[in-house]
Structures are given as structure tokens and as C-alpha cells.
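Asks: Compact mmCIF, C-alpha atoms and all ligand atoms, file model-v1.txt:
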```txt
# COMPACT_ATOMS: atom_id res chain seq x y z
CA MET A 1 19.66 27.27 -40.83
CA VAL A 2 16.20 28.42 -39.71
CA LEU A 3 14.51 31.49 -41.14
CA VAL A 4 12.31 33.41 -38.68
CA THR A 5 9.85 35.82 -40.35
CA CYS A 6 8.34 38.88 -38.61
CA ALA A 7 11.39 38.54 -36.43
CA ASN A 8 11.16 41.85 -34.62
CA GLY A 9 7.68 41.49 -33.13
CA LYS A 10 7.18 40.17 -29.58
CA THR A 11 6.65 36.67 -30.95
CA GLY A 12 9.76 36.79 -33.13
CA HIS A 13 11.90 38.00 -30.21
CA ALA A 14 10.72 35.20 -27.93
CA ILE A 15 11.41 32.49 -30.52
CA ILE A 16 14.78 33.98 -31.46
CA ARG A 17 15.93 34.21 -27.83
CA GLU A 18 15.13 30.50 -27.42
CA LEU A 19 16.90 29.53 -30.68
CA LEU A 20 19.97 31.58 -29.72
CA LYS A 21 20.12 29.88 -26.29
CA LEU A 22 20.50 26.55 -28.10
CA ASP A 23 23.01 27.92 -30.64
CA ILE A 24 20.72 27.06 -33.55
CA PRO A 25 21.84 29.00 -36.66
CA ILE A 26 19.16 31.51 -37.63
CA ARG A 27 18.36 34.12 -40.24
CA ALA A 28 15.81 36.82 -39.45
CA LEU A 29 13.53 38.50 -41.98
CA THR A 30 12.23 41.89 -40.97
CA ALA A 31 10.63 44.82 -42.77
CA SER A 32 12.78 47.78 -41.72
CA GLU A 33 16.37 48.86 -41.05
CA ASN A 34 15.32 50.02 -37.57
CA SER A 35 14.13 46.53 -36.71
CA SER A 36 17.29 45.09 -38.21
CA ARG A 37 19.36 47.14 -35.74
CA THR A 38 17.26 45.88 -32.81
CA LEU A 39 17.72 42.29 -33.98
CA SER A 40 21.52 42.77 -34.19
CA GLU A 41 21.45 44.05 -30.61
CA ILE A 42 19.74 40.87 -29.38
CA GLY A 43 22.41 38.76 -31.11
CA VAL A 44 21.16 37.97 -34.63
CA SER A 45 23.94 38.28 -37.18
CA ASP A 46 22.19 37.10 -40.37
CA ILE A 47 19.34 39.51 -41.15
CA VAL A 48 17.45 40.13 -44.39
CA VAL A 49 15.43 43.34 -44.65
CA GLY A 50 12.51 42.74 -46.98
CA ASP A 51 8.77 42.70 -47.48
CA LEU A 52 6.93 39.42 -47.04
CA ARG A 53 4.56 40.48 -49.84
CA ASN A 54 7.50 40.64 -52.25
CA TYR A 55 8.41 37.32 -53.93
CA ASP A 56 12.06 38.26 -54.54
CA ASP A 57 12.57 39.37 -50.93
CA ILE A 58 11.31 36.02 -49.64
CA LYS A 59 13.43 34.20 -52.21
CA LYS A 60 16.53 36.02 -50.98
CA ALA A 61 15.67 35.26 -47.34
CA CYS A 62 15.21 31.54 -48.13
CA ILE A 63 18.63 30.89 -49.70
CA ASP A 64 20.26 27.88 -47.93
CA ILE A 65 17.40 27.62 -45.43
CA LYS A 66 16.29 24.18 -44.17
CA SER A 67 13.22 25.34 -42.26
CA VAL A 68 11.10 28.45 -41.74
CA TYR A 69 9.41 29.53 -38.53
CA PHE A 70 6.61 31.32 -40.33
CA ILE A 71 5.11 34.22 -38.40
CA THR A 72 2.73 36.42 -40.37
CA PRO A 73 2.26 40.11 -39.47
CA ASN A 74 -0.46 40.60 -36.86
CA PHE A 75 -3.85 41.64 -38.36
CA SER A 76 -2.55 41.55 -41.94
CA PRO A 77 -4.87 41.73 -44.96
CA ASP A 78 -2.11 40.21 -47.12
CA GLU A 79 -1.71 36.75 -45.58
CA GLU A 80 -2.91 34.86 -48.64
CA ILE A 81 -0.35 36.35 -51.03
CA ILE A 82 2.41 36.22 -48.40
CA THR A 83 1.68 32.52 -47.87
CA SER A 84 1.43 31.69 -51.61
CA ASN A 85 4.80 33.32 -52.25
CA LEU A 86 6.50 31.68 -49.28
CA LEU A 87 5.13 28.21 -50.04
CA ASP A 88 6.04 28.45 -53.71
CA ILE A 89 9.65 29.27 -52.78
CA CYS A 90 9.80 26.65 -50.01
CA SER A 91 8.46 23.98 -52.39
CA LYS A 92 11.37 24.50 -54.77
CA SER A 93 13.95 23.48 -52.14
CA ARG A 94 11.80 21.32 -49.83
CA VAL A 95 12.00 23.75 -46.91
CA ARG A 96 10.10 22.57 -43.83
CA VAL A 97 7.53 25.09 -42.53
CA VAL A 98 6.48 25.58 -38.90
CA LEU A 99 3.50 27.95 -38.92
CA HIS A 100 2.76 30.24 -35.98
CA SER A 101 -1.02 30.26 -36.29
CA VAL A 102 -3.73 31.22 -33.76
CA ILE A 103 -6.14 29.37 -31.49
CA HIS A 104 -9.50 28.69 -33.19
CA PRO A 105 -8.82 29.86 -36.73
CA GLN A 106 -12.37 28.62 -37.41
CA ILE A 107 -13.89 31.76 -35.88
CA HIS A 108 -15.44 33.63 -38.78
CA ARG A 109 -16.29 36.67 -36.65
CA MET A 110 -12.60 37.41 -36.06
CA PRO A 111 -11.20 38.25 -39.54
CA HIS A 112 -7.57 37.64 -38.52
CA HIS A 113 -8.45 34.14 -37.27
CA TRP A 114 -10.57 33.32 -40.32
CA SER A 115 -7.73 34.50 -42.56
CA ARG A 116 -5.31 32.20 -40.70
CA LEU A 117 -7.57 29.24 -41.49
CA LYS A 118 -6.84 29.95 -45.16
CA VAL A 119 -3.10 30.10 -44.40
CA GLU A 120 -3.37 26.72 -42.63
CA SER A 121 -5.24 25.24 -45.63
CA GLN A 122 -2.61 26.54 -48.06
CA LEU A 123 0.10 24.90 -45.95
CA ILE A 124 -1.75 21.60 -45.50
CA GLU A 125 -2.36 21.42 -49.25
CA SER A 126 1.35 21.98 -50.01
CA ASP A 127 3.54 18.91 -50.41
CA LEU A 128 5.91 20.18 -47.76
CA ASP A 129 6.69 18.93 -44.30
CA TRP A 130 4.75 21.26 -42.01
CA VAL A 131 3.75 21.85 -38.39
CA ILE A 132 0.96 24.16 -37.21
CA LEU A 133 1.14 25.73 -33.74
CA GLN A 134 -2.05 27.44 -32.52
CA PRO A 135 -1.25 29.62 -29.50
CA THR A 136 -3.99 31.39 -27.61
CA THR A 137 -3.65 35.05 -26.62
CA TYR A 138 -0.41 35.81 -24.71
CA MET A 139 -0.18 36.70 -21.02
CA GLN A 140 2.47 39.17 -22.23
CA ASN A 141 -0.18 41.31 -23.99
CA ILE A 142 -0.73 43.16 -20.69
CA LEU A 143 2.96 44.15 -20.40
CA PRO A 144 2.37 47.67 -21.83
CA GLN A 145 0.03 48.30 -18.84
CA LEU A 146 2.47 47.20 -16.14
CA PRO A 147 4.92 50.13 -15.92
CA ILE A 148 2.16 52.43 -14.60
CA ILE A 149 -0.03 49.89 -12.83
CA SER A 150 1.25 50.76 -9.34
CA GLU A 151 0.31 54.38 -10.05
CA ASN A 152 -3.18 54.06 -11.57
CA LYS A 153 -4.07 50.79 -9.76
CA GLU A 154 -6.23 49.49 -12.62
CA LEU A 155 -5.97 46.58 -15.05
CA LYS A 156 -8.01 47.40 -18.15
CA LEU A 157 -9.47 45.49 -21.09
CA PRO A 158 -12.58 46.00 -23.23
CA VAL A 159 -14.20 42.81 -21.88
CA PRO A 160 -16.52 42.22 -18.91
CA VAL A 161 -14.37 41.72 -15.79
CA ASP A 162 -15.76 38.23 -15.18
CA GLN A 163 -15.41 36.99 -18.78
CA LYS A 164 -12.76 34.25 -18.97
CA LEU A 165 -10.00 34.35 -21.57
CA THR A 166 -7.59 31.46 -22.02
CA VAL A 167 -4.09 32.90 -22.00
CA VAL A 168 -0.59 31.45 -22.39
CA ASP A 169 2.93 32.50 -21.45
CA LEU A 170 4.78 33.42 -24.67
CA ASN A 171 7.94 31.83 -23.23
CA ASP A 172 6.14 28.46 -23.11
CA ILE A 173 5.22 28.96 -26.76
CA ALA A 174 8.86 29.72 -27.62
CA GLU A 175 9.92 26.48 -25.89
CA VAL A 176 7.43 24.51 -27.98
CA ALA A 177 8.37 26.39 -31.15
CA VAL A 178 12.00 25.34 -30.83
CA LYS A 179 11.00 21.71 -30.18
CA ALA A 180 8.79 21.82 -33.29
CA ILE A 181 11.62 23.30 -35.35
CA ASN A 182 14.12 20.67 -34.20
CA ASP A 183 11.99 17.56 -34.07
CA LYS A 184 10.47 16.07 -37.22
CA THR A 185 8.09 13.91 -35.17
CA PHE A 186 5.96 17.08 -34.96
CA ASN A 187 5.42 16.87 -38.74
CA HIS A 188 1.81 17.16 -39.93
CA GLY A 189 0.52 17.92 -36.45
CA ILE A 190 -1.78 20.77 -35.44
CA PHE A 191 -1.19 21.77 -31.81
CA GLU A 192 -3.50 24.05 -29.82
CA LEU A 193 -1.37 25.77 -27.16
CA CYS A 194 -3.16 27.10 -24.08
CA GLY A 195 -2.22 27.95 -20.51
CA GLU A 196 -4.77 29.16 -18.00
CA SER A 197 -8.36 30.33 -18.31
CA ILE A 198 -8.68 33.54 -16.29
CA SER A 199 -10.95 36.58 -16.04
CA LEU A 200 -9.75 40.18 -15.85
CA PHE A 201 -10.98 40.27 -12.25
CA GLN A 202 -8.83 37.23 -11.41
CA GLN A 203 -5.82 38.70 -13.24
CA ALA A 204 -6.12 41.91 -11.21
CA LYS A 205 -6.35 39.82 -8.02
CA VAL A 206 -3.14 37.95 -8.88
CA ILE A 207 -1.33 41.21 -9.71
CA SER A 208 -2.60 42.73 -6.44
CA GLU A 209 -1.10 39.78 -4.53
CA VAL A 210 2.26 40.07 -6.30
CA LEU A 211 2.51 43.84 -5.82
CA GLY A 212 0.94 43.96 -2.34
CA LEU A 213 -1.42 46.64 -3.68
CA SER A 214 -5.11 46.75 -4.47
CA ILE A 215 -5.42 46.67 -8.27
CA SER A 216 -8.94 46.77 -9.66
CA ALA A 217 -10.21 45.31 -12.93
CA LYS A 218 -11.88 47.76 -15.28
CA THR A 219 -13.85 47.28 -18.49
CA ILE A 220 -13.02 50.04 -20.94
CA ASP A 221 -14.42 51.14 -24.26
CA VAL A 222 -12.95 49.46 -27.36
CA ASP A 223 -11.72 52.79 -28.81
CA ILE A 224 -9.85 53.57 -25.60
CA ALA A 225 -8.37 50.06 -25.64
CA ILE A 226 -7.22 50.47 -29.24
CA ASN A 227 -5.48 53.76 -28.39
CA GLU A 228 -4.01 52.73 -25.06
CA LEU A 229 -3.27 49.02 -24.94
CA GLY A 230 -0.51 48.82 -27.56
CA VAL A 231 -2.19 46.17 -29.74
CA PRO A 232 -0.04 46.12 -32.90
CA PHE A 233 -2.02 46.70 -36.09
CA VAL A 234 -1.87 48.89 -39.18
CA GLY A 235 -4.54 50.28 -41.52
CA ASN A 236 -8.30 49.91 -41.68
CA TYR A 237 -8.27 46.11 -41.87
CA GLY A 238 -6.17 45.97 -38.69
CA LEU A 239 -8.44 48.44 -36.92
CA GLU A 240 -11.60 46.53 -37.91
CA ALA A 241 -10.05 43.16 -37.03
CA SER A 242 -9.04 44.36 -33.57
CA ARG A 243 -12.55 45.77 -32.97
CA GLN A 244 -14.04 42.41 -33.99
CA MET A 245 -11.62 40.59 -31.71
CA TRP A 246 -12.62 42.61 -28.63
CA SER A 247 -16.30 42.30 -29.50
CA TYR A 248 -15.93 38.50 -29.79
CA TYR A 249 -13.95 38.23 -26.53
CA ALA A 250 -16.54 40.39 -24.72
CA ALA A 251 -19.43 38.22 -25.94
CA HIS A 252 -17.87 34.75 -25.79
CA GLY A 253 -14.59 34.92 -23.90
CA LEU A 254 -11.90 32.63 -25.29
CA ALA A 255 -12.04 28.98 -24.32
CA GLY A 256 -9.14 26.59 -24.73
CA ASN A 257 -7.58 23.41 -23.38
CA ASN A 258 -4.07 23.03 -21.93
CA LYS A 259 -3.58 19.26 -22.32
CA VAL A 260 -1.58 19.55 -25.55
CA LEU A 261 0.76 22.24 -24.21
CA SER A 262 1.32 20.31 -20.94
CA SER A 263 2.12 17.17 -22.87
CA ILE A 264 4.64 18.88 -25.18
CA LEU A 265 6.33 20.78 -22.35
CA GLY A 266 6.36 17.72 -20.07
CA ARG A 267 5.17 19.97 -17.23
CA LYS A 268 2.26 22.24 -16.38
CA PRO A 269 2.14 25.42 -18.49
CA THR A 270 3.32 28.57 -16.68
CA SER A 271 0.57 29.87 -14.40
CA TYR A 272 -0.66 33.46 -14.48
CA LEU A 273 0.80 33.88 -10.99
CA ASP A 274 4.28 32.80 -12.09
CA PHE A 275 4.04 34.99 -15.20
CA ALA A 276 3.01 37.99 -13.04
CA LYS A 277 5.83 37.37 -10.54
CA ALA A 278 8.40 37.26 -13.35
CA ALA A 279 6.96 40.34 -15.04
CA LEU A 280 6.57 42.46 -11.92
CA GLN A 281 9.40 41.55 -9.58
N1 LIG A 301 -0.33 38.61 -29.62
C1 LIG A 301 -0.93 37.47 -29.33
O1 LIG A 301 -1.50 37.29 -28.26
C2 LIG A 301 -0.88 36.34 -30.33
C3 LIG A 301 -1.39 35.10 -29.98
C4 LIG A 301 -1.35 34.05 -30.91
C5 LIG A 301 -0.80 34.27 -32.16
N2 LIG A 301 -0.33 35.52 -32.47
C6 LIG A 301 0.22 35.71 -33.83
O2 LIG A 301 1.58 36.07 -33.73
C7 LIG A 301 1.96 36.76 -34.92
C8 LIG A 301 2.90 37.89 -34.60
O3 LIG A 301 2.29 38.78 -33.74
P1 LIG A 301 3.19 39.84 -32.94
O4 LIG A 301 2.24 40.64 -32.12
O5 LIG A 301 4.34 39.17 -32.32
O6 LIG A 301 3.75 40.68 -34.15
P2 LIG A 301 3.97 42.19 -34.31
O7 LIG A 301 4.44 42.78 -33.01
O8 LIG A 301 2.81 42.76 -35.02
O9 LIG A 301 5.26 42.18 -35.26
C9 LIG A 301 5.15 41.93 -36.55
C10 LIG A 301 6.51 42.16 -37.20
O10 LIG A 301 6.23 41.87 -38.53
C11 LIG A 301 6.99 42.68 -39.35
N3 LIG A 301 6.22 42.93 -40.57
C12 LIG A 301 5.03 43.53 -40.68
N4 LIG A 301 4.66 43.56 -41.98
C13 LIG A 301 5.66 42.95 -42.68
C14 LIG A 301 5.89 42.66 -44.05
N5 LIG A 301 5.00 43.01 -44.99
N6 LIG A 301 7.02 42.04 -44.39
C15 LIG A 301 7.95 41.67 -43.47
N7 LIG A 301 7.78 41.89 -42.15
C16 LIG A 301 6.66 42.55 -41.77
C17 LIG A 301 7.26 43.96 -38.62
O11 LIG A 301 8.60 44.29 -38.95
P3 LIG A 301 9.21 45.75 -38.74
O12 LIG A 301 9.35 45.89 -37.27
O13 LIG A 301 10.52 45.66 -39.42
O14 LIG A 301 8.25 46.73 -39.33
C18 LIG A 301 7.05 43.59 -37.15
O15 LIG A 301 8.25 43.60 -36.41
C19 LIG A 301 0.66 37.19 -35.61
O16 LIG A 301 0.48 36.40 -36.74
C20 LIG A 301 -0.42 36.88 -34.58
O17 LIG A 301 -1.63 36.49 -35.17
C21 LIG A 301 -0.32 36.54 -31.60
```
Write the structure described by the file as C-alpha cells, please.
Ligand SMILES: NC(=O)c1ccc[n+]([C@@H]2O[C@H](COP(=O)([O-])OP(=O)(O)OC[C@H]3O[C@@H](n4cnc5c(N)ncnc54)[C@H](OP(=O)(O)O)[C@@H]3O)[C@@H](O)[C@H]2O)c1
Replies:
Amino acid sequence: MVLVTCANGKTGHAIIRELLKLDIPIRALTASENSSRTLSEIGVSDIVVGDLRNYDDIKKACIDIKSVYFITPNFSPDEEIITSNLLDICSKSRVRVVLHSVIHPQIHRMPHHWSRLKVESQLIESDLDWVILQPTTYMQNILPQLPIISENKELKLPVPVDQKLTVVDLNDIAEVAVKAINDKTFNHGIFELCGESISLFQQAKVISEVLGLSISAKTIDVDIAINELGVPFVGNYGLEASRQMWSYYAAHGLAGNNKVLSSILGRKPTSYLDFAKAALQ
């Protein structure tokens, strides 16, 4: 049985859909009854409602578990304690841990990446079998903009329109996640997972082609982005971390390499065009 934490976020859903397709027994850990109902609707029958910061809740979720797909809450100030608790419990019954990390956790200027470096260190220093997956930012992050894109004809981000960001299709990540869960030859590997490097201008061009409309790329203010783009965060730490993220992306873009993902998938990663076709048609 595999435990998936933060099961009701977009990442959790993608991984769970892939695990369910393969009939792999899963338990989901989520924070609220509302999320528990959503998870039941997508086919999860074993659900624990609990707080990842609470030792006893994690202990309950880990009963009879062989491996954990460890997703931490996005932009969380509590990753260190969450990780200490989880690893302590996993160590007692030799549970294998597959960590959903981030690309470039070395970036000090993005607090949620820097914090993930500490999570990675805690895991590496444990005596457990572990795997670290480092996905770049998802293509799916623009989905909240798509329902009204034909109306307002703009694709918006708080980055210069020609700044390149390396993005990846979350469904490719889910495919790799399930391989990493099932296959112990991934043990003790750190895998950077990237798709395509693309600017906002190029993304708008692709979406224009798919819709047969002229969609323009627009750089917006960070505060507008935070209110409008549906980036999930809570509290002041989350707000500050998302500001830092946009400021870093605007200044440096986000570089990445797709060789590792191609090699694990045994094919080219999903292109932005194919993602846009699937999302829009
Ligand atoms: N978005 C990207 O482009 C991207 C790229 C690479 C890596 N990542 C990583 O992917 C991870 C997940 O991101 P996401 O956007 O999919 O997540 P998300 O939408 O923020 O969902 C997080 C889920 O975590 C649960 N949660 C929050 N605090 C919790 C707590 N204290 N205890 C238990 N559960 C808690 C929430 O459950 P409830 O619904 O029950 O409240 C929520 O459903 C993050 O670590 C992020 O760094 C994201």
C-alpha cells in the first residue's frame, strides 16, 4: 500500500489517477473532510484526514504502508517539522519514501525551493530507501486562465513576455512518479524532470494556433497575479514566497534540461502544443 500525502492538490490528483489506473492500492492523507469527499469521488476508498504537522496523524496514516509518495504543501513554512515527523515514523517500519521535490532547490532567493533543499537533506541523511523527483513548474499552472481566454484574448504572467521558463506536463510527472514508486532501481536517485523551455509570448502563440484566435501575451503586476492566477498558498510566508518566485522568474527565467525525463519516459516529454491541444479541445 502506498500513502500519498497532500492528496487533494493538483499534484496529488495526478499521481492518484495514475496509481488507480494501475490498480495499485493507495491511502490518501488530506487535511479536510471536504477534500476527503473529493478524493472519494475520484475513486480513493482509504482516506485519512489529518495534519501533516501532527505526529500522531502521520503515524495513523502510515499503518501498514510500504511506501510514501511524499508531497509537502505548496509554500509551507512547516516543511522541516513535517519531514522530521514523517521520517521518524517511516524509519520505524522501513517505509520507502519517494519525495516530490522541486527543480533547483539550491535557489536561495526562492524560500520554498531553499526549504525543499533542507527536506532533501533530511531524507538523504535518513537510513531509508528514498527517491527524489525534482519537477519544474507545471504546464497545468495556466489552467485557471483557460476558461476565459477566448473572451479576454490574453495570457498573463508577472514575467517579461520573452523570458523563458522550463515547464513540464504534470501527467508526465505522474507517469514517472508511479515508475519511481514501483521500481526500486530508482532508489537513491535524484531526477530533475523538465519538458520544454518556452516564453509567455511563445505560449500565447501556441494557444492562438490551437484556438484559431489571436491571443496576446501580457506581463502583469505581481499583486494582480497573486489575486488572479490561482497560485495556491496560505499566510504571510506563502505570500512572500510567491512574490520571491515571480521576482526570480522575471529576472532569471527558469532553465532546465529534459534529458532525464525523456530517458525515464522512453519518449520525448509532452510538448506545450500537445498539452494545449489536450487542455483546450
Ligand atoms: N505547481 C507546480 O508547478 C509545482 C512544480 C513542482 C513541484 N511542485 C510541488 O508540488 C507540491 C504540491 O503542490 P500543489 O500545488 O499540487 O498542492 P496544493 O494544490 O497546494 O495542495 C496541497 C494539498 O495539501 C493539503 N495540505 C495543506 N496543508 C496540509 C497539512 N498541514 N496537512 C495535511 N495536508 C495539508 C491540502 O489539503 P486540503 O485540501 O485537505 O486542505 C491541499 O489539498 C508542492 O510541494 C510544490 O512545491 C509544484
Asks: Identify which of the residues A:Ile142, A:Lys156, A:Ala174, A:Arg53 lies closest to Ala14 in chain A, counting all atoms listed in the file when measuring atom-to-atom distances.
Replies: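 The closest residue to Ala14 in chain A is A:Ala174.
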Asks: Counting only C-alpha atoms and all ligand atoms, give me one row per residue of chain A with an atom at most 7 Å from an atom of ligand LIG 301 (chain A), showing the shortest contact pair and its distance in Å to one decimal, sorted by chain then residue number, as a tab-separated table.
Replies:
```
residue	atom	partner	partner_atom	distance
A:Thr5	CA	A:LIG301	N7	6.7
A:Cys6	CA	A:LIG301	O10	3.7
A:Ala7	CA	A:LIG301	O15	6.0
A:Asn8	CA	A:LIG301	O15	3.8
A:Gly9	CA	A:LIG301	O9	3.3
A:Lys10	CA	A:LIG301	O5	4.1
A:Thr11	CA	A:LIG301	O5	3.7
A:Gly12	CA	A:LIG301	O5	6.0
A:Leu29	CA	A:LIG301	C15	6.6
A:Thr30	CA	A:LIG301	O13	4.4
A:Ala31	CA	A:LIG301	O13	3.5
A:Ser32	CA	A:LIG301	O13	3.9
A:Glu33	CA	A:LIG301	O13	6.9
A:Asn34	CA	A:LIG301	O13	6.7
A:Ser35	CA	A:LIG301	O13	4.6
A:Ser36	CA	A:LIG301	O13	6.9
A:Gly50	CA	A:LIG301	C15	5.9
A:Asp51	CA	A:LIG301	N6	3.6
A:Leu52	CA	A:LIG301	N6	3.7
A:Arg53	CA	A:LIG301	N5	5.5
A:Ile71	CA	A:LIG301	C7	5.3
A:Thr72	CA	A:LIG301	O16	4.3
A:Pro73	CA	A:LIG301	O10	4.4
A:Asn74	CA	A:LIG301	C19	3.8
A:Phe75	CA	A:LIG301	O17	6.5
A:His100	CA	A:LIG301	O2	6.4
A:Ser101	CA	A:LIG301	C5	5.8
A:Val102	CA	A:LIG301	C5	4.5
A:Ile103	CA	A:LIG301	C4	6.7
A:His112	CA	A:LIG301	O17	6.9
A:Gln134	CA	A:LIG301	C4	6.8
A:Pro135	CA	A:LIG301	C4	4.7
A:Thr136	CA	A:LIG301	C4	5.0
A:Thr137	CA	A:LIG301	O1	3.5
A:Tyr138	CA	A:LIG301	O1	4.0
A:Asn141	CA	A:LIG301	O1	6.0
A:Pro232	CA	A:LIG301	O8	4.9
A:Phe233	CA	A:LIG301	O8	6.3
```
Asks: Please list as a ChimeraX atom specification every residue within 9 Å of Pro160 in chain A, counting only C-alpha atoms and excluding residues in the same chain fewer than 5 positions away.
Replies: /A:199-201,218-220,249-251
Asks: Residues around (-10.3, 50.4, -25.0), cut-off 12 Å, counting all atoms listed in the file - what are they as a list of chain:residue names?
Replies: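 So the residues meeting the distance criterion are A:Leu155, A:Lys156, A:Leu157, A:Pro158, A:Val159, A:Pro160, A:Lys218, A:Thr219, A:Ile220, A:Asp221, A:Val222, A:Asp223, A:Ile224, A:Ala225, A:Ile226, A:Asn227, A:Glu228, A:Leu229, A:Gly230, A:Val231, A:Ser242, A:Arg243, A:Met245, A:Trp246, A:Ser247, A:Ala250.
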Asks: Of the residues A:Ser214, A:Ala279, A:Glu192, A:Val234, which is the one nearest to Ser263 in chain A, using only C-alpha atoms?
Replies: A:Glu192
Asks: What is the distance, in Å and to one decimal place, between CA of Lys268 in chain A and CA of Gly256 in chain A?
Replies: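 If I compute the distance from CA of Lys268 in chain A to CA of Gly256 in chain A, I get 14.8 Å.
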Asks: Can you work out the spacing between CA of Ser216 in chain A and CA of Lys153 in chain A in Å, to one decimal?
Replies: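 These two atoms are separated by 6.3 Å.
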Asks: State, in Å with one decimal place, the distance from CA of Leu193 in chain A to CA of Val178 in chain A.
Replies: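 Distance reported for this atom pair: 13.9 Å.
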Asks: Which of these, A:Ala177, A:Leu117, A:Leu86, A:Val4, has the shortest distance to Val48 in chain A once you count all atoms listed in the file?
Replies: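 The answer is A:Val4, which sits nearest to Val48 in chain A.
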Asks: Between A:Lys259, A:Val161, A:Leu143, A:Gly253, which is the closest to Ala276 in chain A once you count all atoms listed in the file?
Replies: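 Ranking A:Lys259, A:Val161, A:Leu143, A:Gly253 by distance to Ala276 in chain A, first place goes to A:Leu143.
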Asks: Could you pull out every residue with an atom within 12 Å of (3.9, 25.2, -13.7), file coordinates, counting all atoms listed in the file, and send them as a PyMOL selection string?
Replies: chain A and resi 168-169+172+195-196+258+261-262+265-275
